[in-house]
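Have a look at final_37.pdb; it's PDB, C-alpha atoms:
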```
ATOM      1  CA  CYS V   1     -11.709 -24.337 -37.813
ATOM      2  CA  LEU V   2     -11.853 -21.850 -40.697
ATOM      3  CA  GLN V   3     -11.735 -22.910 -44.383
ATOM      4  CA  THR V   4     -10.307 -20.551 -47.008
ATOM      5  CA  ASP V   5     -10.400 -20.491 -50.838
ATOM      6  CA  ASN V   6      -7.237 -22.518 -51.273
ATOM      7  CA  MET V   7      -8.800 -25.320 -49.209
ATOM      8  CA  HIS V   8      -6.149 -25.088 -46.493
ATOM      9  CA  THR V   9      -7.612 -25.526 -43.059
ATOM     10  CA  HIS V  10      -6.329 -23.384 -40.199
ATOM     11  CA  VAL V  11      -7.158 -23.924 -36.555
ATOM     12  CA  LEU V  12      -7.295 -20.552 -34.821
ATOM     13  CA  ARG V  13      -8.018 -19.528 -31.295
ATOM     14  CA  PRO V  14     -11.242 -17.594 -30.652
ATOM     15  CA  ALA V  15      -9.179 -14.413 -30.314
ATOM     16  CA  CYS V  16      -7.809 -14.905 -33.844
ATOM     17  CA  ALA V  17     -11.269 -15.524 -35.267
ATOM     18  CA  PHE V  18     -12.516 -12.343 -33.648
ATOM     19  CA  ALA V  19      -9.644 -10.319 -35.107
ATOM     20  CA  LEU V  20     -10.262 -11.704 -38.595
ATOM     21  CA  LEU V  21     -13.942 -10.946 -38.262
ATOM     22  CA  ALA V  22     -13.157  -7.383 -37.209
ATOM     23  CA  ALA V  23     -11.032  -6.986 -40.361
ATOM     24  CA  SER V  24     -14.028  -7.939 -42.590
ATOM     25  CA  VAL V  25     -12.196 -10.472 -44.758
ATOM     26  CA  GLU V  26     -14.243 -11.187 -47.920
ATOM     27  CA  PRO V  27     -13.714 -14.969 -48.387
ATOM     28  CA  LEU V  28     -14.849 -15.758 -44.863
ATOM     29  CA  GLN V  29     -18.496 -16.303 -44.113
ATOM     30  CA  LEU V  30     -18.813 -16.151 -40.363
ATOM     31  CA  LEU V  31     -21.762 -15.754 -38.079
ATOM     32  CA  PRO V  32     -22.068 -12.397 -36.316
ATOM     33  CA  PRO V  33     -20.670 -12.326 -32.805
ATOM     34  CA  ARG V  34     -23.021 -13.112 -29.962
ATOM     35  CA  GLN V  35     -24.364 -10.164 -28.033
ATOM     36  CA  PRO V  36     -23.114  -9.892 -24.460
ATOM     37  CA  PRO V  37     -25.608 -10.797 -21.705
ATOM     38  CA  ARG V  38     -27.835  -8.030 -20.448
ATOM     39  CA  THR V  39     -26.177  -8.124 -17.053
ATOM     40  CA  CYS V  40     -22.904  -6.939 -18.567
ATOM     41  CA  ARG V  41     -22.459  -3.186 -18.912
ATOM     42  CA  ALA V  42     -22.503  -1.772 -22.409
ATOM     43  CA  ALA V  43     -19.268   0.022 -21.605
ATOM     44  CA  VAL V  44     -17.526  -3.316 -21.113
ATOM     45  CA  SER V  45     -18.344  -4.640 -24.595
ATOM     46  CA  SER V  46     -17.592  -1.311 -26.247
ATOM     47  CA  VAL V  47     -14.185  -1.046 -24.613
ATOM     48  CA  VAL V  48     -13.305  -4.591 -25.656
ATOM     49  CA  CYS V  49     -14.534  -4.122 -29.234
ATOM     50  CA  THR V  50     -12.728  -0.829 -29.839
ATOM     51  CA  ALA V  51      -9.406  -2.259 -28.679
ATOM     52  CA  ALA V  52      -9.922  -5.774 -30.097
ATOM     53  CA  GLU V  53      -8.193  -5.302 -33.443
ATOM     54  CA  ARG V  54      -5.110  -3.889 -31.790
ATOM     55  CA  SER V  55      -4.877  -6.106 -28.697
ATOM     56  CA  LEU V  56      -5.858  -9.411 -30.327
ATOM     57  CA  ALA V  57      -3.890  -8.984 -33.544
ATOM     58  CA  ARG V  58      -0.886 -10.379 -31.726
ATOM     59  CA  ASP V  59      -2.518 -13.842 -31.908
ATOM     60  CA  LEU V  60      -2.121 -13.954 -35.716
ATOM     61  CA  SER V  61       0.951 -14.993 -37.639
ATOM     62  CA  GLU V  62       2.540 -12.577 -40.116
ATOM     63  CA  GLU V  63       0.913 -14.396 -43.069
ATOM     64  CA  GLN V  64      -2.516 -14.313 -41.435
ATOM     65  CA  ARG V  65      -2.158 -10.604 -40.685
ATOM     66  CA  ALA V  66      -1.297  -9.910 -44.294
ATOM     67  CA  ALA V  67      -4.204 -12.023 -45.615
ATOM     68  CA  ALA V  68      -6.689 -10.448 -43.233
ATOM     69  CA  GLY V  69      -5.405  -6.904 -43.601
ATOM     70  CA  VAL V  70      -4.975  -6.514 -39.848
ATOM     71  CA  PRO V  71      -2.644  -3.570 -39.078
ATOM     72  CA  LYS V  72       0.647  -4.278 -37.326
ATOM     73  CA  VAL V  73      -0.088  -1.938 -34.445
ATOM     74  CA  ALA V  74       0.426  -3.064 -30.861
ATOM     75  CA  PRO V  75      -2.145  -1.904 -28.298
ATOM     76  CA  SER V  76      -1.165   1.130 -26.289
ATOM     77  CA  ALA V  77      -0.583   0.742 -22.569
ATOM     78  CA  ALA V  78      -3.813   2.589 -21.791
ATOM     79  CA  GLU V  79      -5.825   0.377 -24.179
ATOM     80  CA  HIS V  80      -4.326  -2.756 -22.659
ATOM     81  CA  ALA V  81      -5.255  -1.482 -19.187
ATOM     82  CA  GLN V  82      -8.819  -0.765 -20.382
ATOM     83  CA  VAL V  83      -9.195  -4.287 -21.760
ATOM     84  CA  LEU V  84      -8.022  -5.857 -18.491
ATOM     85  CA  LEU V  85     -10.341  -3.605 -16.480
ATOM     86  CA  ALA V  86     -13.221  -4.613 -18.755
ATOM     87  CA  ASP V  87     -12.366  -8.262 -18.178
ATOM     88  CA  LEU V  88     -12.377  -7.700 -14.431
ATOM     89  CA  ILE V  89     -15.762  -5.946 -14.467
ATOM     90  CA  ALA V  90     -17.233  -8.649 -16.713
ATOM     91  CA  VAL V  91     -16.077 -11.408 -14.349
ATOM     92  CA  GLU V  92     -17.670  -9.615 -11.401
ATOM     93  CA  GLU V  93     -20.998  -9.036 -13.147
ATOM     94  CA  LEU V  94     -21.320 -12.352 -14.954
ATOM     95  CA  SER V  95     -20.167 -14.652 -12.162
ATOM     96  CA  GLY V  96     -21.303 -12.622  -9.164
ATOM     97  CA  ALA V  97     -17.960 -13.386  -7.501
ATOM     98  CA  ALA V  98     -14.791 -11.391  -7.033
ATOM     99  CA  PRO V  99     -12.098 -11.882  -9.695
ATOM    100  CA  ASP V 100      -9.072 -13.893  -8.685
ATOM    101  CA  THR V 101      -5.889 -12.324  -7.389
ATOM    102  CA  GLU V 102      -4.023 -12.847 -10.664
ATOM    103  CA  LEU V 103      -6.550 -10.831 -12.699
ATOM    104  CA  PHE V 104      -6.436  -7.984 -10.170
ATOM    105  CA  GLU V 105      -2.650  -7.901 -10.241
ATOM    106  CA  ARG V 106      -2.494  -7.962 -14.049
ATOM    107  CA  ALA V 107      -4.878  -4.987 -14.143
ATOM    108  CA  ILE V 108      -2.858  -3.092 -11.518
ATOM    109  CA  ARG V 109       0.360  -3.701 -13.450
ATOM    110  CA  ALA V 110      -1.210  -2.525 -16.725
ATOM    111  CA  HIS V 111      -2.574   0.672 -15.168
ATOM    112  CA  ALA V 112       0.740   1.371 -13.427
ATOM    113  CA  GLU V 113       2.643   0.973 -16.703
ATOM    114  CA  ALA V 114       0.128   3.298 -18.405
ATOM    115  CA  GLY V 115       0.643   5.925 -15.686
ATOM    116  CA  LEU V 116      -3.002   5.751 -14.551
ATOM    117  CA  VAL V 117      -2.333   6.319 -10.861
ATOM    118  CA  GLU V 118      -5.861   6.897  -9.571
ATOM    119  CA  GLU V 119      -7.064   3.743 -11.328
ATOM    120  CA  CYS V 120      -4.189   1.832  -9.687
ATOM    121  CA  LEU V 121      -5.240   3.038  -6.249
ATOM    122  CA  SER V 122      -8.891   2.262  -6.983
ATOM    123  CA  LEU V 123      -8.044  -1.287  -8.080
ATOM    124  CA  LEU V 124      -5.913  -1.857  -5.005
ATOM    125  CA  ARG V 125      -8.710  -0.716  -2.687
ATOM    126  CA  ARG V 126     -11.206  -2.778  -4.668
ATOM    127  CA  MET V 127      -8.975  -5.814  -4.280
ATOM    128  CA  ARG V 128      -8.725  -5.376  -0.522
ATOM    129  CA  ARG V 129     -12.494  -4.911  -0.211
ATOM    130  CA  ALA V 130     -12.917  -8.208  -2.049
ATOM    131  CA  ARG V 131     -10.716  -9.813   0.640
ATOM    132  CA  LYS V 132      -7.970 -10.572  -1.836
ATOM    133  CA  THR V 133      -4.498 -10.065  -0.404
ATOM    134  CA  PRO V 134      -2.343  -7.915  -2.702
ATOM    135  CA  SER V 135       1.197  -9.107  -3.214
ATOM    136  CA  LEU V 136       4.205  -6.976  -2.409
ATOM    137  CA  GLU V 137       4.672  -6.558  -6.159
ATOM    138  CA  SER V 138       1.239  -4.931  -6.434
ATOM    139  CA  TYR V 139       2.065  -2.454  -3.678
ATOM    140  CA  ALA V 140       5.455  -1.788  -5.227
ATOM    141  CA  LEU V 141       3.786  -1.010  -8.568
ATOM    142  CA  VAL V 142       1.488   1.512  -6.883
ATOM    143  CA  VAL V 143       4.414   3.124  -5.042
ATOM    144  CA  SER V 144       6.355   3.332  -8.304
ATOM    145  CA  ALA V 145       3.382   4.841 -10.162
ATOM    146  CA  LEU V 146       2.904   7.478  -7.452
ATOM    147  CA  SER V 147       6.593   8.399  -7.576
ATOM    148  CA  ALA V 148       6.540   8.648 -11.374
ATOM    149  CA  ALA V 149       3.465  10.893 -11.165
ATOM    150  CA  GLY V 150       5.297  13.373  -8.940
ATOM    151  CA  ARG V 151       3.521  12.346  -5.733
ATOM    152  CA  PRO V 152       6.472  11.286  -3.533
ATOM    153  CA  ARG V 153       4.756  11.945  -0.201
ATOM    154  CA  GLU V 154       1.926   9.553  -1.027
ATOM    155  CA  ALA V 155       4.453   7.025  -2.303
ATOM    156  CA  ALA V 156       6.398   7.299   0.968
ATOM    157  CA  ARG V 157       3.196   6.850   2.965
ATOM    158  CA  TRP V 158       2.279   3.640   1.107
ATOM    159  CA  LEU V 159       5.849   2.432   1.481
ATOM    160  CA  ARG V 160       5.882   3.137   5.205
ATOM    161  CA  ARG V 161       2.408   1.787   5.970
ATOM    162  CA  VAL V 162       2.395  -1.343   3.826
ATOM    163  CA  VAL V 163       5.586  -2.345   2.065
ATOM    164  CA  GLU V 164       8.138  -2.032   4.860
ATOM    165  CA  PRO V 165       6.050  -3.895   7.504
ATOM    166  CA  SER V 166       5.224  -6.645   5.016
ATOM    167  CA  VAL V 167       8.862  -7.073   4.023
ATOM    168  CA  SER V 168       9.972  -7.210   7.660
ATOM    169  CA  GLN V 169       7.359  -9.818   8.530
ATOM    170  CA  LEU V 170       8.242 -11.833   5.431
ATOM    171  CA  LEU V 171      11.892 -11.897   6.455
ATOM    172  CA  LEU V 172      10.915 -13.147   9.911
ATOM    173  CA  ARG V 173       8.802 -15.977   8.477
ATOM    174  CA  ARG V 174      11.467 -17.077   5.989
ATOM    175  CA  SER V 175      14.319 -17.005   8.464
ATOM    176  CA  LYS V 176      15.792 -20.525   8.757
ATOM    177  CA  ALA V 177      17.539 -19.821  12.027
ATOM    178  CA  PRO V 178      15.539 -18.539  15.027
ATOM    179  CA  PRO V 179      15.177 -14.753  14.532
ATOM    180  CA  ARG V 180      17.272 -12.533  16.747
ATOM    181  CA  ARG V 181      15.745  -9.847  18.936
ATOM    182  CA  SER V 182      17.079  -7.164  16.595
ATOM    183  CA  GLU V 183      15.112  -8.721  13.702
ATOM    184  CA  TYR V 184      11.914  -8.742  15.759
ATOM    185  CA  ASN V 185      12.585  -5.132  16.728
ATOM    186  CA  ARG V 186      13.073  -4.170  13.080
ATOM    187  CA  ALA V 187       9.682  -5.630  12.182
ATOM    188  CA  MET V 188       8.022  -3.921  15.156
ATOM    189  CA  ALA V 189       9.614  -0.574  14.248
ATOM    190  CA  ALA V 190       8.133  -0.842  10.740
ATOM    191  CA  TYR V 191       4.694  -1.589  12.172
ATOM    192  CA  GLY V 192       5.109   1.257  14.658
ATOM    193  CA  ALA V 193       5.895   3.776  11.936
ATOM    194  CA  ALA V 194       2.842   2.537  10.051
ATOM    195  CA  GLY V 195       0.594   3.019  13.087
ATOM    196  CA  LEU V 196      -0.305  -0.673  13.478
ATOM    197  CA  PRO V 197      -0.308  -1.395  17.247
ATOM    198  CA  HIS V 198      -2.075  -4.768  16.905
ATOM    199  CA  GLU V 199       0.674  -6.064  14.629
ATOM    200  CA  VAL V 200       3.368  -4.742  16.968
ATOM    201  CA  MET V 201       1.757  -6.538  19.907
ATOM    202  CA  GLU V 202       1.433  -9.801  17.974
ATOM    203  CA  THR V 203       5.101  -9.641  16.973
ATOM    204  CA  LEU V 204       6.028  -8.835  20.573
ATOM    205  CA  ARG V 205       4.098 -11.876  21.827
ATOM    206  CA  THR V 206       5.777 -14.073  19.219
ATOM    207  CA  MET V 207       9.187 -12.752  20.230
ATOM    208  CA  VAL V 208       8.572 -13.495  23.907
ATOM    209  CA  GLY V 209       6.752 -16.802  23.388
ATOM    210  CA  GLU V 210       8.488 -18.508  20.475
ATOM    211  CA  GLY V 211      11.720 -16.567  20.256
ATOM    212  CA  GLU V 212      12.228 -16.522  24.023
ATOM    213  CA  HIS V 213      13.585 -12.980  23.913
ATOM    214  CA  ARG V 214      12.767 -10.319  26.466
ATOM    215  CA  PRO V 215      11.571  -7.002  25.005
ATOM    216  CA  ASP V 216      13.983  -4.111  25.266
ATOM    217  CA  LEU V 217      13.714  -0.335  24.948
ATOM    218  CA  ARG V 218      13.381  -0.507  21.126
ATOM    219  CA  SER V 219      10.527  -2.990  21.445
ATOM    220  CA  PHE V 220       8.490  -0.725  23.732
ATOM    221  CA  ASN V 221       9.302   2.388  21.727
ATOM    222  CA  ALA V 222       7.881   0.662  18.636
ATOM    223  CA  LEU V 223       4.673  -0.078  20.573
ATOM    224  CA  ILE V 224       4.423   3.506  21.867
ATOM    225  CA  ALA V 225       4.984   4.905  18.360
ATOM    226  CA  ALA V 226       2.358   2.551  16.916
ATOM    227  CA  HIS V 227      -0.314   3.773  19.338
ATOM    228  CA  ALA V 228       0.690   7.415  18.819
ATOM    229  CA  ASN V 229       0.579   7.087  15.019
ATOM    230  CA  ALA V 230      -2.747   5.244  15.192
ATOM    231  CA  GLY V 231      -4.417   8.167  16.985
ATOM    232  CA  GLN V 232      -4.287   6.493  20.402
ATOM    233  CA  PRO V 233      -1.983   8.821  22.395
ATOM    234  CA  ASP V 234      -3.527   7.771  25.748
ATOM    235  CA  ARG V 235      -2.332   4.200  25.217
ATOM    236  CA  ALA V 236       1.037   5.477  24.050
ATOM    237  CA  ALA V 237       1.434   7.442  27.301
ATOM    238  CA  ALA V 238       0.230   4.448  29.340
ATOM    239  CA  TRP V 239       2.968   2.242  27.910
ATOM    240  CA  ILE V 240       5.602   4.730  29.103
ATOM    241  CA  HIS V 241       4.645   3.694  32.628
ATOM    242  CA  ARG V 242       3.923   0.021  31.900
ATOM    243  CA  MET V 243       7.375  -0.595  30.414
ATOM    244  CA  ARG V 244       8.883   0.167  33.807
ATOM    245  CA  GLY V 245       7.215  -3.022  35.031
ATOM    246  CA  TRP V 246       9.647  -4.893  32.781
ATOM    247  CA  GLY V 247      12.554  -3.044  34.366
ATOM    248  CA  ILE V 248      13.039  -0.737  31.350
ATOM    249  CA  GLU V 249      13.141   3.024  31.679
ATOM    250  CA  PRO V 250      11.729   5.214  28.878
ATOM    251  CA  ASP V 251      14.014   7.509  26.915
ATOM    252  CA  ALA V 252      13.508  10.780  25.044
ATOM    253  CA  CYS V 253      12.117   8.908  22.023
ATOM    254  CA  SER V 254       9.401   7.314  24.203
ATOM    255  CA  TYR V 255       8.190  10.680  25.488
ATOM    256  CA  THR V 256       8.512  12.420  22.108
ATOM    257  CA  SER V 257       6.266   9.825  20.429
ATOM    258  CA  ALA V 258       3.561  10.392  23.045
ATOM    259  CA  ILE V 259       3.863  14.199  22.748
ATOM    260  CA  ALA V 260       3.545  13.978  18.954
ATOM    261  CA  GLY V 261       0.524  11.698  19.344
ATOM    262  CA  PHE V 262      -1.288  14.218  21.561
ATOM    263  CA  ALA V 263      -0.294  17.004  19.144
ATOM    264  CA  ARG V 264      -1.937  15.210  16.209
ATOM    265  CA  ALA V 265      -4.996  14.462  18.363
ATOM    266  CA  GLY V 266      -5.434  18.195  19.145
ATOM    267  CA  GLU V 267      -4.751  17.840  22.878
ATOM    268  CA  PRO V 268      -2.037  20.409  23.681
ATOM    269  CA  GLU V 269      -2.559  20.234  27.471
ATOM    270  CA  ARG V 270      -1.854  16.490  27.473
ATOM    271  CA  ALA V 271       1.197  17.062  25.276
ATOM    272  CA  ALA V 272       2.463  19.715  27.715
ATOM    273  CA  ALA V 273       1.868  17.323  30.629
ATOM    274  CA  VAL V 274       4.008  14.630  28.994
ATOM    275  CA  MET V 275       6.731  17.226  28.312
ATOM    276  CA  ALA V 276       6.664  18.266  31.988
ATOM    277  CA  GLU V 277       6.988  14.624  33.037
ATOM    278  CA  MET V 278       9.881  14.201  30.631
ATOM    279  CA  ARG V 279      11.742  17.150  32.147
ATOM    280  CA  LEU V 280      11.441  15.573  35.611
ATOM    281  CA  ALA V 281      12.688  12.176  34.468
ATOM    282  CA  PRO V 282      16.306  11.467  35.463
ATOM    283  CA  ASN V 283      18.979  11.256  32.781
ATOM    284  CA  ILE V 284      16.632  12.449  30.010
ATOM    285  CA  THR V 285      16.932  15.747  28.166
ATOM    286  CA  ALA V 286      14.208  16.968  25.833
ATOM    287  CA  ASP V 287      15.696  17.385  22.367
ATOM    288  CA  ILE V 288      14.489  19.586  19.520
ATOM    289  CA  ARG V 289      12.090  16.872  18.284
ATOM    290  CA  ALA V 290      10.217  16.916  21.597
ATOM    291  CA  HIS V 291      10.069  20.729  21.628
ATOM    292  CA  SER V 292       8.931  20.776  17.979
ATOM    293  CA  ALA V 293       6.132  18.314  18.795
ATOM    294  CA  LEU V 294       4.958  20.580  21.624
ATOM    295  CA  VAL V 295       5.087  23.647  19.341
ATOM    296  CA  GLU V 296       2.968  21.729  16.827
ATOM    297  CA  ALA V 297       0.464  20.738  19.541
ATOM    298  CA  PHE V 298      -0.302  24.370  20.387
ATOM    299  CA  ALA V 299      -0.146  25.521  16.765
ATOM    300  CA  VAL V 300      -2.651  22.874  15.587
ATOM    301  CA  ALA V 301      -5.032  23.967  18.346
ATOM    302  CA  GLY V 302      -4.747  27.594  17.144
ATOM    303  CA  ARG V 303      -2.998  28.753  20.309
ATOM    304  CA  VAL V 304      -0.301  30.776  18.596
ATOM    305  CA  ALA V 305       0.989  32.610  21.678
ATOM    306  CA  GLU V 306       1.631  29.339  23.530
ATOM    307  CA  ALA V 307       3.229  27.847  20.410
ATOM    308  CA  ALA V 308       5.572  30.831  20.280
ATOM    309  CA  GLY V 309       6.317  30.347  23.998
ATOM    310  CA  ALA V 310       7.225  26.678  23.405
ATOM    311  CA  LEU V 311       9.478  27.793  20.553
ATOM    312  CA  GLN V 312      11.233  30.279  22.836
ATOM    313  CA  ALA V 313      11.642  27.564  25.484
ATOM    314  CA  ALA V 314      13.536  25.472  22.923
ATOM    315  CA  ARG V 315      15.851  28.408  22.215
ATOM    316  CA  ASP V 316      16.372  28.999  25.954
ATOM    317  CA  ALA V 317      17.407  25.341  26.283
ATOM    318  CA  GLY V 318      20.154  25.996  23.737
ATOM    319  CA  LEU V 319      18.419  24.090  20.945
ATOM    320  CA  ALA V 320      18.303  25.312  17.353
ATOM    321  CA  PRO V 321      14.762  25.106  15.926
ATOM    322  CA  THR V 322      14.466  23.250  12.639
ATOM    323  CA  VAL V 323      12.506  24.135   9.534
ATOM    324  CA  GLY V 324       9.759  21.818  10.774
ATOM    325  CA  THR V 325       9.584  23.700  14.069
ATOM    326  CA  TYR V 326       9.057  27.029  12.318
ATOM    327  CA  ALA V 327       6.623  25.469   9.839
ATOM    328  CA  SER V 328       4.355  24.409  12.707
ATOM    329  CA  VAL V 329       4.013  28.027  13.832
TER
END
```
Let's see the structure in the file written out as structure tokens.
Amino acid sequence: CLQTDNMHTHVLRPACAFALLAASVEPLQLLPPRQPPRTCRAAVSSVVCTAAERSLARDLSEEQRAAAGVPKVAPSAAEHAQVLLADLIAVEELSGAAPDTELFERAIRAHAEAGLVEECLSLLRRMRRARKTPSLESYALVVSALSAAGRPREAARWLRRVVEPSVSQLLLRRSKAPPRRSEYNRAMAAYGAAGLPHEVMETLRTMVGEGEHRPDLRSFNALIAAHANAGQPDRAAAWIHRMRGWGIEPDACSYTSAIAGFARAGEPERAAAVMAEMRLAPNITADIRAHSALVEAFAVAGRVAEAAGALQAARDAGLAPTVGTYASV
């Protein structure tokens, strides 16, 4: 409660009182603000104080702004992001506990809108370390901020590794009717592209157990791709043989995923062995993607002559090398 010269009594929120105090209004006789506890960083209080007049002025009515002389200036996006980050740090240091999910997400949104991409990524990692599960909106904000900052490859990586698998799994959970095998396969393909073999296997078990669907070629290819993208090419190659136990023969995509996995792992001999096995398999023809993966395997290992030989083998097979094939060499 604050009493003015004309004896009218106004009930203001603490934020309003702080803004009026910052404006140094003459008729008001207020006590100085309390000093923050020693455990709180000085940077926190300074960030809050410098942005207080601008960010808290919104709590005042037009008449109160005019009486207090508070400028009609809205806080900039960067200042708003700084205030929310200061709040988050203060909660951590004063309570000794991680801030709640809502505070994290408000800070991520503010930094994304201010174009502060690195701070967005830092907050997202900080949130996950605190065992708080980011919402799809938080990930989408980070993807959008990366795209706006001219970093489309990073945006695509976040989209592929996090957003698409989460959306697919969400659709499975919210499905009122029993999910079809194609819907399970779509979720597994997203996890496979993200290099998440555990999630692919869990979805596969759910499909077989609860959905009562048998896995098909797409199901196993998602599992092979997941292991290959997770840096486990040996397991990817093993599943090429294990899928035959279910009566399903591998295709060119199955072998190509394993070859690409060995290429990224720096094992060109293993990649060449899988290519040789692929050539012996009936009804399967190695396409340019398989040849490009083999070229990359030798090129990554610094074996330029063998990479050039694999490139020539693709030409001899009547295949036109792509830009990616040449880029590997």
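For the atom pair formed by CA of Ala97 (chain V) and CA of Leu146 (chain V), the distance is 29.5 Å, given to one decimal.
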Considering all atoms listed in the file, return as a VMD selection string whatever protein or nucleic-acid residues lie within 12 Å of Thr133 (chain V), sequence-local ones (same chain, fewer than 2 positions apart) excluded. chain V and resid 100 to 102 104 to 105 124 to 131 135 to 139 162 166
If the PyMOL selection byres ((chain V and resi 205-219) around 7) is run on the structure shown, which residues does it catch, given as a PyMOL selection string? chain V and resi 178-179+181+184-185+188+201-204+220-223+248
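What the PyMOL selection byres ((chain V and resi 312-316) around 10) matches in the given file is Ala286, Asp287, Ile288, Arg289, Ala290, His291, Ser292, Leu294, Val295, Glu306, Ala307, Ala308, Gly309, Ala310, Leu311, Ala317, Gly318, Leu319, Ala320, Pro321 and Thr325 of chain V.
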Using all atoms listed in the file, which of the listed residues (V:Val200, V:Arg244, V:Asn283, V:Glu154) sits closest to Ile224 (chain V)? V:Val200
Nearest candidate to Ala293 (chain V) (options V:His198, V:Arg264, V:Arg279, V:Arg186; using only C-alpha atoms): V:Arg264
Apply the PyMOL selection byres ((chain V and resi 241) around 12) to the structure shown and report the selected residues as a PyMOL selection string. chain V and resi 220-221+224+234-240+242-251+254-255+258+274+277-278+281
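In this structure, CA of Glu183 (chain V) sits 22.2 Å away from CA of Ala228 (chain V).
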Å distance separating CA of His227 (chain V) from CA of Pro282 (chain V), one decimal place: 24.4 Å
Around all the atoms of region 184-203 of chain V listed in the file, with 4 Å of room on each side, what axis-aligned box do you get, giving centre and edge lengths in Å to one decimal, as AutoDock Vina command-line options?
```
--center_x 5.5 --center_y -3.0 --center_z 15.0 --size_x 23.1 --size_y 21.6 --size_z 17.9
```
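Residue nearest Arg303 (chain V) within the list V:Pro233, V:Pro99, V:Pro268, V:Gly261: V:Pro268 [criterion: smallest interatomic distance, all atoms listed in the file].
Omitting Ala225 (chain V) and its sequence neighbours fewer than 6 positions away, and counting only C-alpha atoms, the residues within 7 Å are Gly192, Ala193, Ala236 and Ser257 of chain V.
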Ala194 (chain V) environment, 9 Å, all atoms listed in the file, sequence neighbours closer than 4 positions dropped, as an MDAnalysis selection string: chainID V and resid 157 160:162 164:165 189:190 225:226 229:230
